[in-house]
file run_15.tsv (TSV, C-alpha atoms)
chain	number	residue	atom	x	y	z
H	1	MET	CA	-17.65	-55.16	2.59
H	2	LYS	CA	-20.78	-56.05	4.54
H	3	PRO	CA	-23.83	-53.93	3.67
H	4	ARG	CA	-24.00	-52.62	7.22
H	5	PHE	CA	-20.43	-51.28	7.17
H	6	PHE	CA	-20.97	-49.90	3.66
H	7	TRP	CA	-23.93	-47.81	4.80
H	8	ILE	CA	-22.09	-46.65	7.94
H	9	ALA	CA	-19.12	-45.51	5.80
H	10	LEU	CA	-21.45	-43.79	3.37
H	11	ILE	CA	-23.23	-41.96	6.22
H	12	LEU	CA	-19.90	-40.85	7.71
H	13	ILE	CA	-18.77	-39.55	4.31
H	14	GLY	CA	-22.05	-37.66	3.97
H	15	ILE	CA	-21.73	-36.15	7.45
H	16	SER	CA	-18.16	-35.10	6.68
H	17	TRP	CA	-19.21	-33.50	3.38
H	18	ILE	CA	-22.07	-31.61	5.05
H	19	SER	CA	-19.79	-30.46	7.87
H	20	ASN	CA	-17.17	-29.21	5.41
H	21	SER	CA	-19.85	-27.45	3.36
H	22	ILE	CA	-21.26	-25.73	6.45
H	23	TYR	CA	-17.76	-24.69	7.56
H	24	ALA	CA	-16.86	-23.32	4.12
H	25	HIS	CA	-20.16	-21.44	3.94
H	26	SER	CA	-19.53	-19.90	7.36
H	27	LYS	CA	-16.31	-18.39	6.02
H	28	GLN	CA	-17.96	-16.72	3.04
H	29	LEU	CA	-17.79	-12.92	2.96
H	30	ASP	CA	-21.02	-10.99	2.61
H	31	LYS	CA	-19.17	-8.49	0.45
H	32	PRO	CA	-15.60	-7.90	-0.78
H	33	ILE	CA	-13.17	-6.33	1.73
H	34	PHE	CA	-10.80	-3.66	0.45
H	35	LEU	CA	-7.36	-3.32	2.00
H	36	ASP	CA	-6.20	0.00	3.43
H	37	HIS	CA	-4.45	2.15	0.80
H	38	TYR	CA	-2.14	5.11	1.43
H	39	ILE	CA	-1.69	6.67	-1.98
H	40	ASP	CA	-0.45	9.99	-3.35
H	41	VAL	CA	-0.97	10.81	-7.03
H	42	GLU	CA	-0.20	13.91	-9.06
H	43	LEU	CA	-3.07	15.80	-10.65
H	44	GLN	CA	-3.08	15.37	-14.43
H	45	ASP	CA	-5.74	14.86	-17.09
H	46	TYR	CA	-6.24	11.31	-15.87
H	47	ILE	CA	-4.67	9.01	-13.29
H	48	TYR	CA	-4.52	5.28	-12.63
H	49	ILE	CA	-4.85	3.77	-9.15
H	50	THR	CA	-4.68	0.05	-8.38
H	51	PHE	CA	-6.93	-1.11	-5.54
H	52	TYR	CA	-6.63	-4.46	-3.75
H	53	TYR	CA	-9.47	-6.43	-2.16
H	54	LEU	CA	-10.31	-9.79	-0.62
H	55	THR	CA	-13.30	-11.74	-1.87
H	56	ASN	CA	-14.66	-15.30	-1.93
H	57	LYS	CA	-12.97	-17.82	-4.19
H	58	ASN	CA	-16.22	-18.46	-6.03
H	59	ASP	CA	-16.90	-14.76	-6.70
H	60	SER	CA	-17.18	-14.41	-10.48
H	61	SER	CA	-18.04	-10.69	-10.47
H	62	VAL	CA	-15.65	-7.91	-11.43
H	63	VAL	CA	-15.55	-4.20	-10.58
H	64	SER	CA	-17.42	-2.27	-13.26
H	65	SER	CA	-17.00	1.29	-11.89
H	66	VAL	CA	-16.18	3.28	-8.76
H	67	SER	CA	-17.27	6.68	-7.50
H	68	THR	CA	-15.90	8.99	-4.81
H	69	GLY	CA	-18.68	11.55	-5.04
H	70	GLU	CA	-16.53	13.93	-7.08
H	71	LEU	CA	-14.80	11.41	-9.32
H	72	ILE	CA	-15.94	8.43	-11.34
H	73	GLY	CA	-13.44	5.74	-12.30
H	74	TYR	CA	-13.56	2.75	-14.63
H	75	PRO	CA	-11.32	-0.32	-14.69
H	76	GLU	CA	-8.75	-0.37	-17.44
H	77	ASP	CA	-9.65	-3.17	-19.89
H	78	PRO	CA	-12.17	-4.72	-17.44
H	79	TYR	CA	-12.74	-7.81	-19.58
H	80	PHE	CA	-9.09	-8.43	-20.38
H	81	ALA	CA	-7.22	-11.32	-18.71
H	82	ASP	CA	-9.75	-13.94	-17.71
H	83	GLU	CA	-12.72	-11.57	-17.98
H	84	GLY	CA	-11.13	-9.00	-15.70
H	85	ILE	CA	-10.55	-11.34	-12.75
H	86	GLN	CA	-6.97	-10.87	-11.59
H	87	ASN	CA	-6.20	-13.01	-8.54
H	88	ARG	CA	-2.99	-11.88	-6.89
H	89	GLN	CA	-3.02	-14.56	-4.19
H	90	SER	CA	-5.21	-17.51	-3.24
H	91	PHE	CA	-6.04	-18.69	0.29
H	92	ASN	CA	-8.22	-21.34	1.96
H	93	ASN	CA	-11.56	-19.70	1.17
H	94	HIS	CA	-10.66	-16.32	-0.29
H	95	VAL	CA	-8.56	-14.62	-2.95
H	96	LEU	CA	-6.73	-11.31	-3.10
H	97	ARG	CA	-7.64	-9.39	-6.26
H	98	SER	CA	-6.60	-6.11	-7.78
H	99	VAL	CA	-8.33	-3.67	-10.10
H	100	ASN	CA	-6.55	-0.87	-11.97
H	101	VAL	CA	-8.94	2.10	-12.13
H	102	ARG	CA	-8.66	5.11	-14.42
H	103	PHE	CA	-10.03	8.41	-13.13
H	104	ASP	CA	-10.70	11.20	-15.61
H	105	LEU	CA	-9.71	14.48	-13.93
H	106	GLU	CA	-10.86	16.85	-16.67
H	107	GLN	CA	-14.09	17.42	-14.75
H	108	PRO	CA	-14.32	21.09	-13.68
H	109	SER	CA	-15.80	20.16	-10.27
H	110	VAL	CA	-12.55	18.49	-9.14
H	111	PRO	CA	-10.59	20.87	-6.87
H	112	GLU	CA	-6.85	21.44	-7.23
H	113	ILE	CA	-6.15	19.23	-4.20
H	114	TYR	CA	-8.55	16.34	-3.59
H	115	SER	CA	-8.69	13.57	-0.98
H	116	PHE	CA	-11.04	10.67	-0.39
H	117	THR	CA	-11.24	7.85	2.16
H	118	GLU	CA	-14.13	5.74	0.85
H	119	MET	CA	-15.66	4.75	-2.46
H	120	ASP	CA	-18.93	3.51	-3.92
H	121	ILE	CA	-17.99	0.37	-5.84
H	122	PHE	CA	-20.22	-1.19	-8.47
H	123	PHE	CA	-19.79	-4.81	-9.58
H	124	SER	CA	-20.74	-6.62	-12.77
H	125	ASN	CA	-23.38	-8.68	-10.91
H	126	GLY	CA	-25.31	-5.50	-10.07
H	127	LYS	CA	-24.16	-5.22	-6.46
H	128	LYS	CA	-22.94	-1.95	-4.96
H	129	ILE	CA	-20.93	-1.43	-1.78
H	130	THR	CA	-19.72	1.69	-0.01
H	131	THR	CA	-16.45	0.93	1.74
H	132	PRO	CA	-13.43	2.65	3.32
H	133	ILE	CA	-10.27	2.28	1.23
H	134	GLY	CA	-7.69	4.09	3.37
H	135	ILE	CA	-6.58	7.52	2.14
H	136	VAL	CA	-5.96	8.77	-1.40
H	137	ASN	CA	-4.55	12.27	-1.92
H	138	ILE	CA	-4.42	13.92	-5.35
H	139	PHE	CA	-1.90	16.77	-5.51
H	140	PRO	CA	-1.08	19.39	-8.16
H	141	TYR	CA	1.60	18.37	-10.64
H	142	PHE	CA	4.78	20.45	-10.61
H	143	ASN	CA	7.56	20.12	-13.14
H	144	GLU	CA	10.32	22.54	-12.25
H	145	ARG	CA	14.07	22.39	-12.04
H	146	ILE	CA	15.22	22.35	-8.43
H	147	PRO	CA	18.71	22.54	-6.85
H	148	LEU	CA	18.37	19.00	-5.43
H	149	GLU	CA	18.92	16.46	-8.20
H	150	GLN	CA	17.87	12.84	-7.77
H	151	VAL	CA	20.73	10.62	-8.92
H	152	SER	CA	19.57	7.10	-8.00
H	153	THR	CA	16.81	4.99	-6.48
H	154	MET	CA	16.93	1.50	-5.06
H	155	MET	CA	14.53	-0.97	-3.49
H	156	GLY	CA	15.74	-3.44	-0.87
H	157	SER	CA	13.84	-6.39	0.55
H	158	ASN	CA	12.58	-4.16	3.35
H	159	TYR	CA	13.23	-0.58	2.28
H	160	ASN	CA	13.37	2.03	-0.46
H	161	ASN	CA	16.31	4.38	-0.99
H	162	ALA	CA	16.65	7.63	-2.95
H	163	ASP	CA	19.94	9.52	-3.34
H	164	TYR	CA	20.10	13.24	-4.14
H	165	ARG	CA	22.92	15.63	-5.06
H	166	ALA	CA	22.91	19.35	-4.40
H	167	THR	CA	23.60	21.29	-7.61
H	168	GLU	CA	24.21	24.46	-5.59
H	169	PRO	CA	24.51	25.30	-1.87
H	170	LEU	CA	21.14	24.90	-0.18
H	171	THR	CA	19.30	24.43	3.10
H	172	VAL	CA	16.84	21.61	3.75
H	173	ASP	CA	14.07	22.97	5.99
H	174	THR	CA	11.58	20.09	6.20
H	175	ILE	CA	11.41	16.36	5.55
H	176	LYS	CA	8.05	14.73	6.19
H	177	GLY	CA	6.11	11.65	5.15
H	178	SER	CA	2.69	12.41	3.72
H	179	TYR	CA	0.94	10.04	6.16
H	180	GLN	CA	3.30	10.46	9.08
H	181	GLU	CA	0.56	11.39	11.57
H	182	VAL	CA	-1.50	8.35	10.60
H	183	LEU	CA	1.25	5.74	10.28
H	184	GLN	CA	3.56	7.11	13.01
H	185	ASP	CA	6.16	4.47	13.97
H	186	ASN	CA	4.84	2.03	11.36
H	187	PHE	CA	6.59	4.10	8.67
H	188	LEU	CA	10.31	4.67	9.26
H	189	ILE	CA	12.56	7.24	7.57
H	190	LYS	CA	16.34	7.52	7.82
H	191	ILE	CA	18.39	10.50	6.62
H	192	ASN	CA	22.08	10.34	5.72
H	193	SER	CA	23.96	13.54	4.82
H	194	PRO	CA	27.27	15.22	5.69
H	195	SER	CA	25.41	17.45	8.17
H	196	ASN	CA	24.04	14.45	10.08
H	197	PRO	CA	26.26	11.86	11.77
H	198	THR	CA	26.20	8.51	10.03
H	199	VAL	CA	25.08	5.77	12.41
H	200	SER	CA	24.93	2.14	11.37
H	201	GLN	CA	23.58	-0.30	13.96
H	202	THR	CA	25.22	-3.64	13.27
H	203	THR	CA	23.80	-5.46	16.29
H	204	GLU	CA	23.00	-9.13	15.74
H	205	LYS	CA	20.80	-9.64	18.78
H	206	GLU	CA	18.83	-12.85	18.80
H	207	PHE	CA	15.42	-11.18	19.03
H	208	LEU	CA	15.87	-9.16	15.84
H	209	ASP	CA	14.37	-10.63	12.68
H	210	PRO	CA	16.25	-10.34	9.34
H	211	MET	CA	14.17	-7.38	8.14
H	212	GLU	CA	14.90	-5.34	11.26
H	213	LYS	CA	18.60	-6.24	11.11
H	214	GLU	CA	18.74	-5.06	7.51
H	215	TRP	CA	17.11	-1.75	8.43
H	216	ARG	CA	19.42	-1.17	11.42
H	217	LYS	CA	22.51	-1.68	9.27
H	218	LEU	CA	21.54	1.15	6.91
H	219	PRO	CA	23.53	4.34	7.52
H	220	GLY	CA	21.88	7.52	8.73
H	221	LEU	CA	19.75	8.90	11.51
H	222	ASP	CA	16.09	8.26	12.22
H	223	LEU	CA	14.15	11.29	10.99
H	224	LYS	CA	12.97	11.94	14.56
H	225	ASN	CA	16.62	12.58	15.54
H	226	VAL	CA	17.58	14.76	12.56
H	227	GLN	CA	18.22	18.40	13.37
H	228	LEU	CA	16.40	20.59	10.86
H	229	PRO	CA	17.23	22.75	9.02
H	230	PHE	CA	20.60	21.50	7.74
H	231	ASP	CA	22.85	22.62	4.89
H	232	LEU	CA	24.21	20.88	1.82
H	233	LYS	CA	27.19	22.23	-0.11
H	234	ASN	CA	27.35	22.06	-3.89
H	235	GLY	CA	27.85	18.41	-4.88
H	236	GLU	CA	27.06	16.93	-1.47
H	237	ARG	CA	24.73	13.95	-1.24
H	238	LEU	CA	21.52	13.34	0.67
H	239	SER	CA	20.21	9.78	1.11
H	240	VAL	CA	16.63	9.07	2.18
H	241	TYR	CA	15.75	5.55	3.33
H	242	SER	CA	12.16	4.50	4.05
H	243	SER	CA	10.61	1.31	5.37
H	244	ILE	CA	7.19	0.08	6.45
H	245	SER	CA	6.43	-2.15	9.42
H	246	LYS	CA	6.09	-5.80	8.40
H	247	ASN	CA	2.92	-5.98	10.52
H	248	LEU	CA	1.10	-3.33	8.51
H	249	LYS	CA	-0.67	-5.12	5.65
H	250	ALA	CA	-1.71	-2.21	3.46
H	251	VAL	CA	-1.02	-0.78	0.00
H	252	PHE	CA	1.43	2.13	-0.22
H	253	ASP	CA	2.29	4.58	-2.97
H	254	LEU	CA	3.10	7.65	-0.93
H	255	SER	CA	5.50	10.57	-0.79
H	256	ILE	CA	8.22	11.89	1.47
H	257	HIS	CA	8.28	15.65	1.01
H	258	ILE	CA	11.60	17.53	1.05
H	259	SER	CA	11.61	21.32	0.92
H	260	GLY	CA	14.03	24.14	1.51
H	261	LYS	CA	15.81	27.11	-0.04
H	262	SER	CA	18.93	27.50	-2.15
H	263	GLU	CA	21.70	29.92	-1.23
H	264	SER	CA	20.49	32.17	-4.03
H	265	GLY	CA	17.07	32.37	-2.36
H	266	ARG	CA	15.19	29.95	-4.59
H	267	VAL	CA	12.52	27.98	-2.71
H	268	PHE	CA	12.26	24.33	-3.76
H	269	SER	CA	10.20	21.24	-3.01
H	270	THR	CA	10.53	17.64	-4.16
H	271	THR	CA	9.18	14.22	-3.21
H	272	VAL	CA	10.60	10.76	-2.63
H	273	ARG	CA	8.24	7.99	-3.68
H	274	PHE	CA	7.62	4.89	-1.55
H	275	ASN	CA	5.86	1.91	-3.15
H	276	HIS	CA	4.83	-1.29	-1.43
H	277	GLN	CA	2.19	-3.95	-2.09
H	278	PRO	CA	1.79	-6.46	0.73
H	279	TYR	CA	2.29	-10.20	0.43
H	280	LEU	CA	-0.36	-11.79	2.61
H	281	GLU	CA	-0.34	-15.05	4.54
H	282	GLN	CA	-3.44	-16.88	5.74
H	283	LYS	CA	-3.05	-15.41	9.23
H	284	ASP	CA	-3.00	-11.91	7.69
H	285	VAL	CA	-6.20	-12.62	5.79
H	286	ASN	CA	-7.84	-13.86	8.99
H	287	ALA	CA	-6.76	-10.71	10.86
H	288	ILE	CA	-7.93	-8.35	8.10
H	289	ILE	CA	-11.34	-10.02	7.85
H	290	LYS	CA	-11.73	-9.98	11.64
H	291	GLU	CA	-10.82	-6.29	11.81
H	292	LYS	CA	-12.97	-5.22	8.88
H	293	THR	CA	-16.03	-7.27	9.81
H	294	ARG	CA	-15.50	-7.23	13.58
H	295	GLY	CA	-16.13	-10.93	13.45
H	296	ASP	CA	-13.99	-14.01	13.79
H	297	THR	CA	-12.53	-16.32	11.20
H	298	ASN	CA	-9.95	-19.05	11.03
H	299	GLY	CA	-9.67	-18.94	7.26
call {"tool": "encode", "arguments": {"input": "run_15.tsv", "output": "structure tokens"}}
result
Amino acid sequence: MKPRFFWIALILIGISWISNSIYAHSKQLDKPIFLDHYIDVELQDYIYITFYYLTNKNDSSVVSSVSTGELIGYPEDPYFADEGIQNRQSFNNHVLRSVNVRFDLEQPSVPEIYSFTEMDIFFSNGKKITTPIGIVNIFPYFNERIPLEQVSTMMGSNYNNADYRATEPLTVDTIKGSYQEVLQDNFLIKINSPSNPTVSQTTEKEFLDPMEKEWRKLPGLDLKNVQLPFDLKNGERLSVYSSISKNLKAVFDLSIHISGKSESGRVFSTTVRFNHQPYLEQKDVNAIIKEKTRGDTNG
């Protein structure tokens, strides 16, 4: 190769390297971005909550503690598994990480019911951020025998299902998701019982994606169309299906509350759990970063 062409090639390589470096630097986050969480936990001596966040690939720091003002939490085994760094997913310039935090609830200042929407988060490199994390509700723990016995649970590719059996005649007065007002049509609930007509939509229309087809084929009525209250005879079954919109990239560990009264006059209340951790694609990461930073990114 002639010296002239050699130096031209070398200059072009250098320009390309500088351009790539500038581009990569432009995609670096100023601070980690926490996903939205919708979490219900029962009040006990201590609880564990797993939080998910996006950060730069080269971020070697780990969460050392968190604070909500009333509660202080510490990661469980923070230096276990590659010094506490647990990458759930990897993307062009960022990674999705999780941290499992233990909160000690023996503190007398913690009220019986406690909610928080943001946290102070301290990292091992000395940095601190205050960031919204969605909504976490801590409820009292109840352990009582009720006339609605859970007999099975199942998770589908796009839904959760819980089946109950009435152990005596009863009336169901309310069924409500704990974040129904916030999530609205992004969180779907179907009810199937002898008192409600079973409707299975088997349509195979072209515009429906597989997840929506699967949901439509499930028996039952949308909760919005269920007539409450309704009765269950002894031994009759109640099925509760729940699903989250595929477009909502958040962390869920929430409750569907069922309450009512038995024929003997005993008031009861129980909850159906719904768990979901999102699987992100690069386009989801781009959208989350854009929303949280009100900036623009192409990954």
call {"tool": "residues_around", "arguments": {"input": "run_15.tsv", "residues": "stretch 171-188 of chain H", "least_positions_apart": "3", "cutoff": "8 Å", "atoms": "all atoms listed in the file", "output": "PyMOL selection string"}}
result
chain H and resi 38+222-223+228-232+242-245+248+254-263
call {"tool": "residues_around", "arguments": {"input": "run_15.tsv", "residues": "H:Lys249", "least_positions_apart": "4", "cutoff": "8 Å", "atoms": "all atoms listed in the file", "output": "PyMOL selection string"}}
result
chain H and resi 35-36+278-280+284
call {"tool": "closest_residue", "arguments": {"input": "run_15.tsv", "among": "H:Ile113, H:Met119, H:Val95, H:Leu43", "to": "H:Ser65", "atoms": "all atoms listed in the file"}}
result
H:Met119
call {"tool": "closest_residue", "arguments": {"input": "run_15.tsv", "among": "H:Pro219, H:Pro75, H:Pro32, H:Gly235", "to": "H:Glu149", "atoms": "all atoms listed in the file"}}
result
H:Gly235
call {"tool": "residues_near_point", "arguments": {"input": "run_15.tsv", "point": "(1.1, -4.2, -1.7)", "cutoff": "7 Å", "atoms": "only C-alpha atoms", "output": "number ranges by chain"}}
result
H: 250-252, 276-279
call {"tool": "residues_around", "arguments": {"input": "run_15.tsv", "residues": "H:Arg237", "least_positions_apart": "5", "cutoff": "12 Å", "atoms": "all atoms listed in the file", "output": "compact mmCIF listing (two decimals) with C-alpha atoms, in the coordinates of the input"}}
result
# COMPACT_ATOMS: atom_id res chain seq x y z
CA PRO H 147 18.71 22.54 -6.85
CA LEU H 148 18.37 19.00 -5.43
CA GLU H 149 18.92 16.46 -8.20
CA GLN H 150 17.87 12.84 -7.77
CA VAL H 151 20.73 10.62 -8.92
CA SER H 152 19.57 7.10 -8.00
CA ALA H 162 16.65 7.63 -2.95
CA ASP H 163 19.94 9.52 -3.34
CA TYR H 164 20.10 13.24 -4.14
CA ARG H 165 22.92 15.63 -5.06
CA ALA H 166 22.91 19.35 -4.40
CA THR H 167 23.60 21.29 -7.61
CA GLU H 168 24.21 24.46 -5.59
CA PRO H 169 24.51 25.30 -1.87
CA LEU H 170 21.14 24.90 -0.18
CA ILE H 191 18.39 10.50 6.62
CA ASN H 192 22.08 10.34 5.72
CA SER H 193 23.96 13.54 4.82
CA PRO H 194 27.27 15.22 5.69
CA SER H 195 25.41 17.45 8.17
CA ASN H 196 24.04 14.45 10.08
CA ASP H 231 22.85 22.62 4.89
CA LEU H 232 24.21 20.88 1.82
call {"tool": "atom_distance", "arguments": {"input": "run_15.tsv", "atom1": "atom CA of H:Asp253", "atom2": "atom CA of H:Gln86"}}
result
20.0 Å
call {"tool": "atom_distance", "arguments": {"input": "run_15.tsv", "atom1": "atom CA of H:Lys127", "atom2": "atom CA of H:Glu291"}}
result
22.6 Å
call {"tool": "closest_residue", "arguments": {"input": "run_15.tsv", "among": "H:Met211, H:Asp104, H:Phe268, H:Thr131", "to": "H:Asp45", "atoms": "only C-alpha atoms"}}
result
H:Asp104
call {"tool": "atom_distance", "arguments": {"input": "run_15.tsv", "atom1": "atom CA of H:Asn137", "atom2": "atom CA of H:Tyr114"}}
result
5.9 Å
call {"tool": "closest_residue", "arguments": {"input": "run_15.tsv", "among": "H:Tyr159, H:Tyr48, H:Phe91, H:Tyr53", "to": "H:Pro132", "atoms": "all atoms listed in the file"}}
result
H:Tyr53
call {"tool": "closest_residue", "arguments": {"input": "run_15.tsv", "among": "H:Asn275, H:Asn100, H:Thr293, H:Thr198", "to": "H:Val62", "atoms": "only C-alpha atoms"}}
result
H:Asn100
call {"tool": "axis_aligned_box", "arguments": {"input": "run_15.tsv", "around": "stretch 255-261 of chain H", "padding_each_side": "6 Å", "output": "lines of an AutoDock Vina configuration file"}}
result
center_x = 10.7
center_y = 18.8
center_z = 0.4
size_x = 22.3
size_y = 28.5
size_z = 14.3
call {"tool": "closest_residue", "arguments": {"input": "run_15.tsv", "among": "H:Tyr74, H:Phe116, H:Trp215, H:Tyr241", "to": "H:Ile133", "atoms": "all atoms listed in the file"}}
result
H:Phe116
call {"tool": "residues_around", "arguments": {"input": "run_15.tsv", "residues": "H:Gly126", "least_positions_apart": "4", "cutoff": "12 Å", "atoms": "all atoms listed in the file", "output": "PDB file with C-alpha atoms, in the coordinates of the input"}}
result
ATOM      1  CA  SER H  61     -18.040 -10.690 -10.470  1.00  0.00           C
ATOM      2  CA  VAL H  62     -15.650  -7.910 -11.430  1.00  0.00           C
ATOM      3  CA  VAL H  63     -15.550  -4.200 -10.580  1.00  0.00           C
ATOM      4  CA  SER H  64     -17.420  -2.270 -13.260  1.00  0.00           C
ATOM      5  CA  SER H  65     -17.000   1.290 -11.890  1.00  0.00           C
ATOM      6  CA  ILE H 121     -17.990   0.370  -5.840  1.00  0.00           C
ATOM      7  CA  PHE H 122     -20.220  -1.190  -8.470  1.00  0.00           C
TER       8      PHE H 122
END
call {"tool": "residues_around", "arguments": {"input": "run_15.tsv", "residues": "H:Asn161", "least_positions_apart": "3", "cutoff": "9 Å", "atoms": "all atoms listed in the file", "output": "ChimeraX atom specification"}}
result
/H:152-156,239-242,272,274
